[in-house]
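Remarks on the structure that follows.
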Amino acid sequence: MADTSKNVLVMAGAGLSTHSGIPDFRSPGTGLYDNLQQYNLPYPEAIFDLGFFVRDPRPFLSLAKELYPGKKYRPNLGHYLARLINEKGKLLRMYTQNIDGLERLAGLPPEKLVEAHGGFSSASCISCFKEHDPDETREAIFRGEVIRCTNGKCKGLVKPDIVFFGEALPDRFFLYQDDVLWADLLIVIGTSLEVYPFAAIADEVPRDVPRLLLNRDVVGSFGMRKHDTIVTCDIIEGVTRLAKELGWHEELMELYAKHEPCM
Ligand code: CNA
């Protein structure tokens with residue numbers, strides 16, 4: 001499949017990063033939503049709610065401090081498989097819902113990436129949308145400060161450009177409308193496909209395009225198309241199996257060891 005494909009579209013979600021130590025949202029017990037007690041939230045989703053952020057920015061800023069790319073968490077074998085697909089010249093695009101920046105840390109070039117729910121690489125004011133320096137924003141968050149906009153009298157709250165509930169997706173996300181037409185293979189990895197419009201991409205791919213799911217459970221419309229392949233297992237196991245079937249396993253392990261020597 002991926003050995004003959006030339007335009008691979010990858011869609012990823014929080015499950016891709018669980019092996020890097022970042023919990024997903026919804027897995028019972030270990031998911032982020034079950035483990036937010038420390039932030040004293042009225043309901044778990046409030047951590048990504050703009051209205052709540054305006055009233056109390058500290059819970060989100062504490063979580064952001066924890067999640068900042070390059071601080072604590074490192075990419076895993078799954079992220080490096082995406083990089084390898086790209087190095088083979090076969091990656092059309094990787095769409096990720098993850099905000100952790102691990103795809104960039106694994107070496108995926110920004111032009112091949114669509115961070116559909118934003119990330120930490122840019123920051124702006126939630127009131128006037130003025131862009132703020134992402135490095136200064138990061139330093140302020142590390143010092144535990146709430147950042148206010150410096151644009152005239154604005155004084156709005158500044159946050160990394162992570163998409164909150166009710167906020168528009170980045171313009172780049174709408175590239176998918178063309179990408180799905182070019183794709184000759186879709187790989188979906190570590191997502192519940194419950195969040196729209198992201199999840200819709202999996203169904204926008206034409207019906208004759210093979211779709212491969214690597215996830216603990218069957219999600220979305222997988223299984224309803226003739227060319228669907230479903231691998232329900234742990235992601236690292238699925239990634240390893242795929243790499244072996246492609247004859248890429250040794251290369252993948254070398255790439256991983258070269259960039260993550262301490263793992
Ligand atoms: P989700 O709804 O939590 O689903 C994750 C999926 O991955 C589930 O189907 C799990 O069964 C599966 N999964 C988890 N761990 C593994 C594993 N080790 N092996 C195999 N399967 C596994 O997450 P989605 O990404 O689908 O939901 C979208 C939300 C989650 C987006 O808005 C993200 O911003 C948000 N999120 C991102 C991060 C991150 O950046 N790392 C972390 C938590 C949540």
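Chain identifiers are assigned as A, B, and so on, following the order in which chains appear in the structure tokens; residues are numbered from 1 within each chain, and ligands are numbered from 1 in order of appearance.
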(request) Pick out the residues no farther than 7 Å from ligand 1, counting only C-alpha atoms and all ligand atoms, and list them as an MDAnalysis selection string. (result) chainID A and resid 12:19 22:27 31:32 97:100 117 190:195 214:217 219 233:236
(request) Using only C-alpha atoms, determine which residues lie at most 10 Å from Leu175 in chain A, disregarding the query and same-chain residues fewer than 5 positions distant; provide the list as number ranges by chain. (result) A: 93, 114, 180
Residues of the last selection are to be written out with N, CA and C atoms, as a compact mmCIF listing (two decimals), in the first residue's frame.
```txt
# COMPACT_ATOMS: atom_id res chain seq x y z
N ARG A 93 0.52 15.41 3.05
CA ARG A 93 0.32 16.32 4.19
C ARG A 93 0.01 15.51 5.44
N VAL A 114 -0.36 20.43 8.88
CA VAL A 114 -1.48 21.30 9.20
C VAL A 114 -1.85 21.02 10.66
N VAL A 180 -7.47 16.23 -0.23
CA VAL A 180 -8.19 14.96 -0.33
C VAL A 180 -8.31 14.48 -1.78
```
(request) List every residue of range 6-166 of chain A that DSSP, applied to the backbone of this structure, assigns to strand (DSSP E), and report them as a list of chain:residue names. (result)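 Here are the strand (DSSP E) residues of range 6-166 of chain A: A:Val8, A:Leu9, A:Val10, A:Met11, A:Ala12, A:Leu91, A:Leu92, A:Arg93, A:Met94, A:Tyr95, A:Thr96, A:Leu113, A:Val114, A:Glu115, A:Gly118, A:Gly119, A:Phe120, A:Ser121, A:Ser122, A:Ala123, A:Ser124, A:Cys125, A:Glu131, A:His132, A:Val158, A:Lys159, A:Pro160, A:Asp161, A:Ile162.
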Any chance you could export the current selection's N, CA, C and O atoms as an mmCIF file, in the first residue's frame?
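Contents of part.cif, freshly written:
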```cif
data_model
loop_
_atom_site.group_PDB
_atom_site.id
_atom_site.type_symbol
_atom_site.label_atom_id
_atom_site.label_comp_id
_atom_site.auth_asym_id
_atom_site.auth_seq_id
_atom_site.Cartn_x
_atom_site.Cartn_y
_atom_site.Cartn_z
ATOM 1 N N VAL A 8 0.591 10.376 0.376
ATOM 2 C CA VAL A 8 -0.018 9.854 1.595
ATOM 3 C C VAL A 8 -0.514 11.013 2.460
ATOM 4 O O VAL A 8 0.223 11.957 2.740
ATOM 5 N N LEU A 9 -1.766 10.900 2.861
ATOM 6 C CA LEU A 9 -2.356 11.878 3.774
ATOM 7 C C LEU A 9 -2.404 11.208 5.145
ATOM 8 O O LEU A 9 -2.897 10.075 5.259
ATOM 9 N N VAL A 10 -1.870 11.872 6.154
ATOM 10 C CA VAL A 10 -1.903 11.309 7.509
ATOM 11 C C VAL A 10 -2.800 12.203 8.363
ATOM 12 O O VAL A 10 -2.699 13.432 8.298
ATOM 13 N N MET A 11 -3.684 11.567 9.132
ATOM 14 C CA MET A 11 -4.495 12.312 10.110
ATOM 15 C C MET A 11 -4.177 11.760 11.483
ATOM 16 O O MET A 11 -4.211 10.544 11.686
ATOM 17 N N ALA A 12 -3.852 12.647 12.413
ATOM 18 C CA ALA A 12 -3.440 12.153 13.736
ATOM 19 C C ALA A 12 -4.200 12.861 14.846
ATOM 20 O O ALA A 12 -4.720 13.972 14.683
ATOM 21 N N LEU A 91 4.890 11.905 1.453
ATOM 22 C CA LEU A 91 3.904 12.567 2.308
ATOM 23 C C LEU A 91 3.275 13.752 1.586
ATOM 24 O O LEU A 91 3.965 14.717 1.239
ATOM 25 N N LEU A 92 1.973 13.652 1.368
ATOM 26 C CA LEU A 92 1.252 14.804 0.805
ATOM 27 C C LEU A 92 1.066 15.835 1.918
ATOM 28 O O LEU A 92 1.423 17.000 1.771
ATOM 29 N N ARG A 93 0.522 15.411 3.053
ATOM 30 C CA ARG A 93 0.325 16.316 4.186
ATOM 31 C C ARG A 93 0.008 15.512 5.436
ATOM 32 O O ARG A 93 -0.563 14.420 5.345
ATOM 33 N N MET A 94 0.404 16.063 6.560
ATOM 34 C CA MET A 94 -0.023 15.487 7.829
ATOM 35 C C MET A 94 -0.928 16.489 8.539
ATOM 36 O O MET A 94 -0.514 17.606 8.828
ATOM 37 N N TYR A 95 -2.149 16.060 8.794
ATOM 38 C CA TYR A 95 -3.111 16.871 9.549
ATOM 39 C C TYR A 95 -3.123 16.354 10.977
ATOM 40 O O TYR A 95 -3.365 15.171 11.198
ATOM 41 N N THR A 96 -2.837 17.231 11.911
ATOM 42 C CA THR A 96 -2.860 16.781 13.295
ATOM 43 C C THR A 96 -3.793 17.637 14.127
ATOM 44 O O THR A 96 -3.917 18.841 13.899
ATOM 45 N N LEU A 113 2.778 20.176 7.220
ATOM 46 C CA LEU A 113 1.976 20.014 8.428
ATOM 47 C C LEU A 113 0.774 20.950 8.432
ATOM 48 O O LEU A 113 0.902 22.109 8.055
ATOM 49 N N VAL A 114 -0.356 20.432 8.885
ATOM 50 C CA VAL A 114 -1.481 21.305 9.203
ATOM 51 C C VAL A 114 -1.846 21.019 10.658
ATOM 52 O O VAL A 114 -2.331 19.930 10.977
ATOM 53 N N GLU A 115 -1.547 21.988 11.511
ATOM 54 C CA GLU A 115 -1.900 21.838 12.925
ATOM 55 C C GLU A 115 -3.309 22.406 13.078
ATOM 56 O O GLU A 115 -3.503 23.585 13.313
ATOM 57 N N GLY A 118 -4.235 24.367 16.030
ATOM 58 C CA GLY A 118 -3.235 25.365 16.402
ATOM 59 C C GLY A 118 -2.067 24.759 17.159
ATOM 60 O O GLY A 118 -1.855 23.542 17.143
ATOM 61 N N GLY A 119 -1.289 25.645 17.792
ATOM 62 C CA GLY A 119 -0.094 25.184 18.500
ATOM 63 C C GLY A 119 0.583 26.339 19.210
ATOM 64 O O GLY A 119 0.030 27.443 19.304
ATOM 65 N N PHE A 120 1.787 26.065 19.654
ATOM 66 C CA PHE A 120 2.518 27.044 20.457
ATOM 67 C C PHE A 120 3.493 27.887 19.638
ATOM 68 O O PHE A 120 4.187 28.719 20.196
ATOM 69 N N SER A 121 3.562 27.640 18.324
ATOM 70 C CA SER A 121 4.597 28.317 17.550
ATOM 71 C C SER A 121 4.229 29.754 17.202
ATOM 72 O O SER A 121 5.033 30.487 16.640
ATOM 73 N N SER A 122 2.990 30.166 17.522
ATOM 74 C CA SER A 122 2.623 31.570 17.362
ATOM 75 C C SER A 122 1.668 31.923 18.506
ATOM 76 O O SER A 122 1.131 31.038 19.180
ATOM 77 N N ALA A 123 1.495 33.229 18.712
ATOM 78 C CA ALA A 123 0.634 33.671 19.820
ATOM 79 C C ALA A 123 -0.062 34.956 19.402
ATOM 80 O O ALA A 123 0.463 35.713 18.579
ATOM 81 N N SER A 124 -1.246 35.196 19.946
ATOM 82 C CA SER A 124 -1.934 36.448 19.615
ATOM 83 C C SER A 124 -2.920 36.842 20.708
ATOM 84 O O SER A 124 -3.219 36.055 21.608
ATOM 85 N N CYS A 125 -3.410 38.073 20.562
ATOM 86 C CA CYS A 125 -4.369 38.626 21.521
ATOM 87 C C CYS A 125 -5.756 38.091 21.179
ATOM 88 O O CYS A 125 -6.143 38.071 20.006
ATOM 89 N N GLU A 131 -0.656 39.830 16.567
ATOM 90 C CA GLU A 131 0.307 38.752 16.816
ATOM 91 C C GLU A 131 1.299 39.181 17.882
ATOM 92 O O GLU A 131 1.722 40.334 17.910
ATOM 93 N N HIS A 132 1.646 38.246 18.747
ATOM 94 C CA HIS A 132 2.655 38.526 19.777
ATOM 95 C C HIS A 132 3.816 37.572 19.596
ATOM 96 O O HIS A 132 3.663 36.486 19.020
ATOM 97 N N VAL A 158 -3.447 37.538 26.015
ATOM 98 C CA VAL A 158 -2.642 36.914 24.951
ATOM 99 C C VAL A 158 -2.476 35.440 25.291
ATOM 100 O O VAL A 158 -2.248 35.091 26.448
ATOM 101 N N LYS A 159 -2.612 34.600 24.275
ATOM 102 C CA LYS A 159 -2.371 33.160 24.482
ATOM 103 C C LYS A 159 -1.714 32.581 23.238
ATOM 104 O O LYS A 159 -1.823 33.159 22.145
ATOM 105 N N PRO A 160 -1.036 31.454 23.400
ATOM 106 C CA PRO A 160 -0.545 30.754 22.208
ATOM 107 C C PRO A 160 -1.743 30.441 21.310
ATOM 108 O O PRO A 160 -2.869 30.297 21.800
ATOM 109 N N ASP A 161 -1.515 30.331 20.004
ATOM 110 C CA ASP A 161 -2.633 30.161 19.060
ATOM 111 C C ASP A 161 -3.167 28.736 19.061
ATOM 112 O O ASP A 161 -3.174 28.043 18.029
ATOM 113 N N ILE A 162 -3.630 28.316 20.214
ATOM 114 C CA ILE A 162 -4.296 27.027 20.333
ATOM 115 C C ILE A 162 -5.784 27.288 20.183
ATOM 116 O O ILE A 162 -6.305 28.227 20.801
#
```
(message) List as a PyMOL selection string the protein and nucleic acid residues near range 184-186 of chain A, meaning an atom at most 8 Å away when only C-alpha atoms are counted, but skip any in the same chain fewer than 4 places from it.
(response) chain A and resi 1-2+5-11+202+205+209-212
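Between CA of Ala116 in chain A and CA of Asp208 in chain A the separation is 25.1 Å.
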(request) Write out as an MDAnalysis selection string each polymer residue whose atoms come within 12 Å of Glu254 in chain A, counting only C-alpha atoms; drop sequence neighbours fewer than 4 positions from it. (result) chainID A and resid 77 80:81 84 248:250 258:261
(request) Taking the DSSP assignment computed from this structure's backbone, write out as JSON, numbers by chain all residues of range 43-101 of chain A that belong to helix (DSSP H, G or I). (result) {"A": [44, 45, 46, 47, 48, 50, 51, 52, 53, 54, 55, 58, 59, 60, 61, 62, 63, 64, 65, 66, 67, 77, 78, 79, 80, 81, 82, 83, 84, 85, 86, 87]}
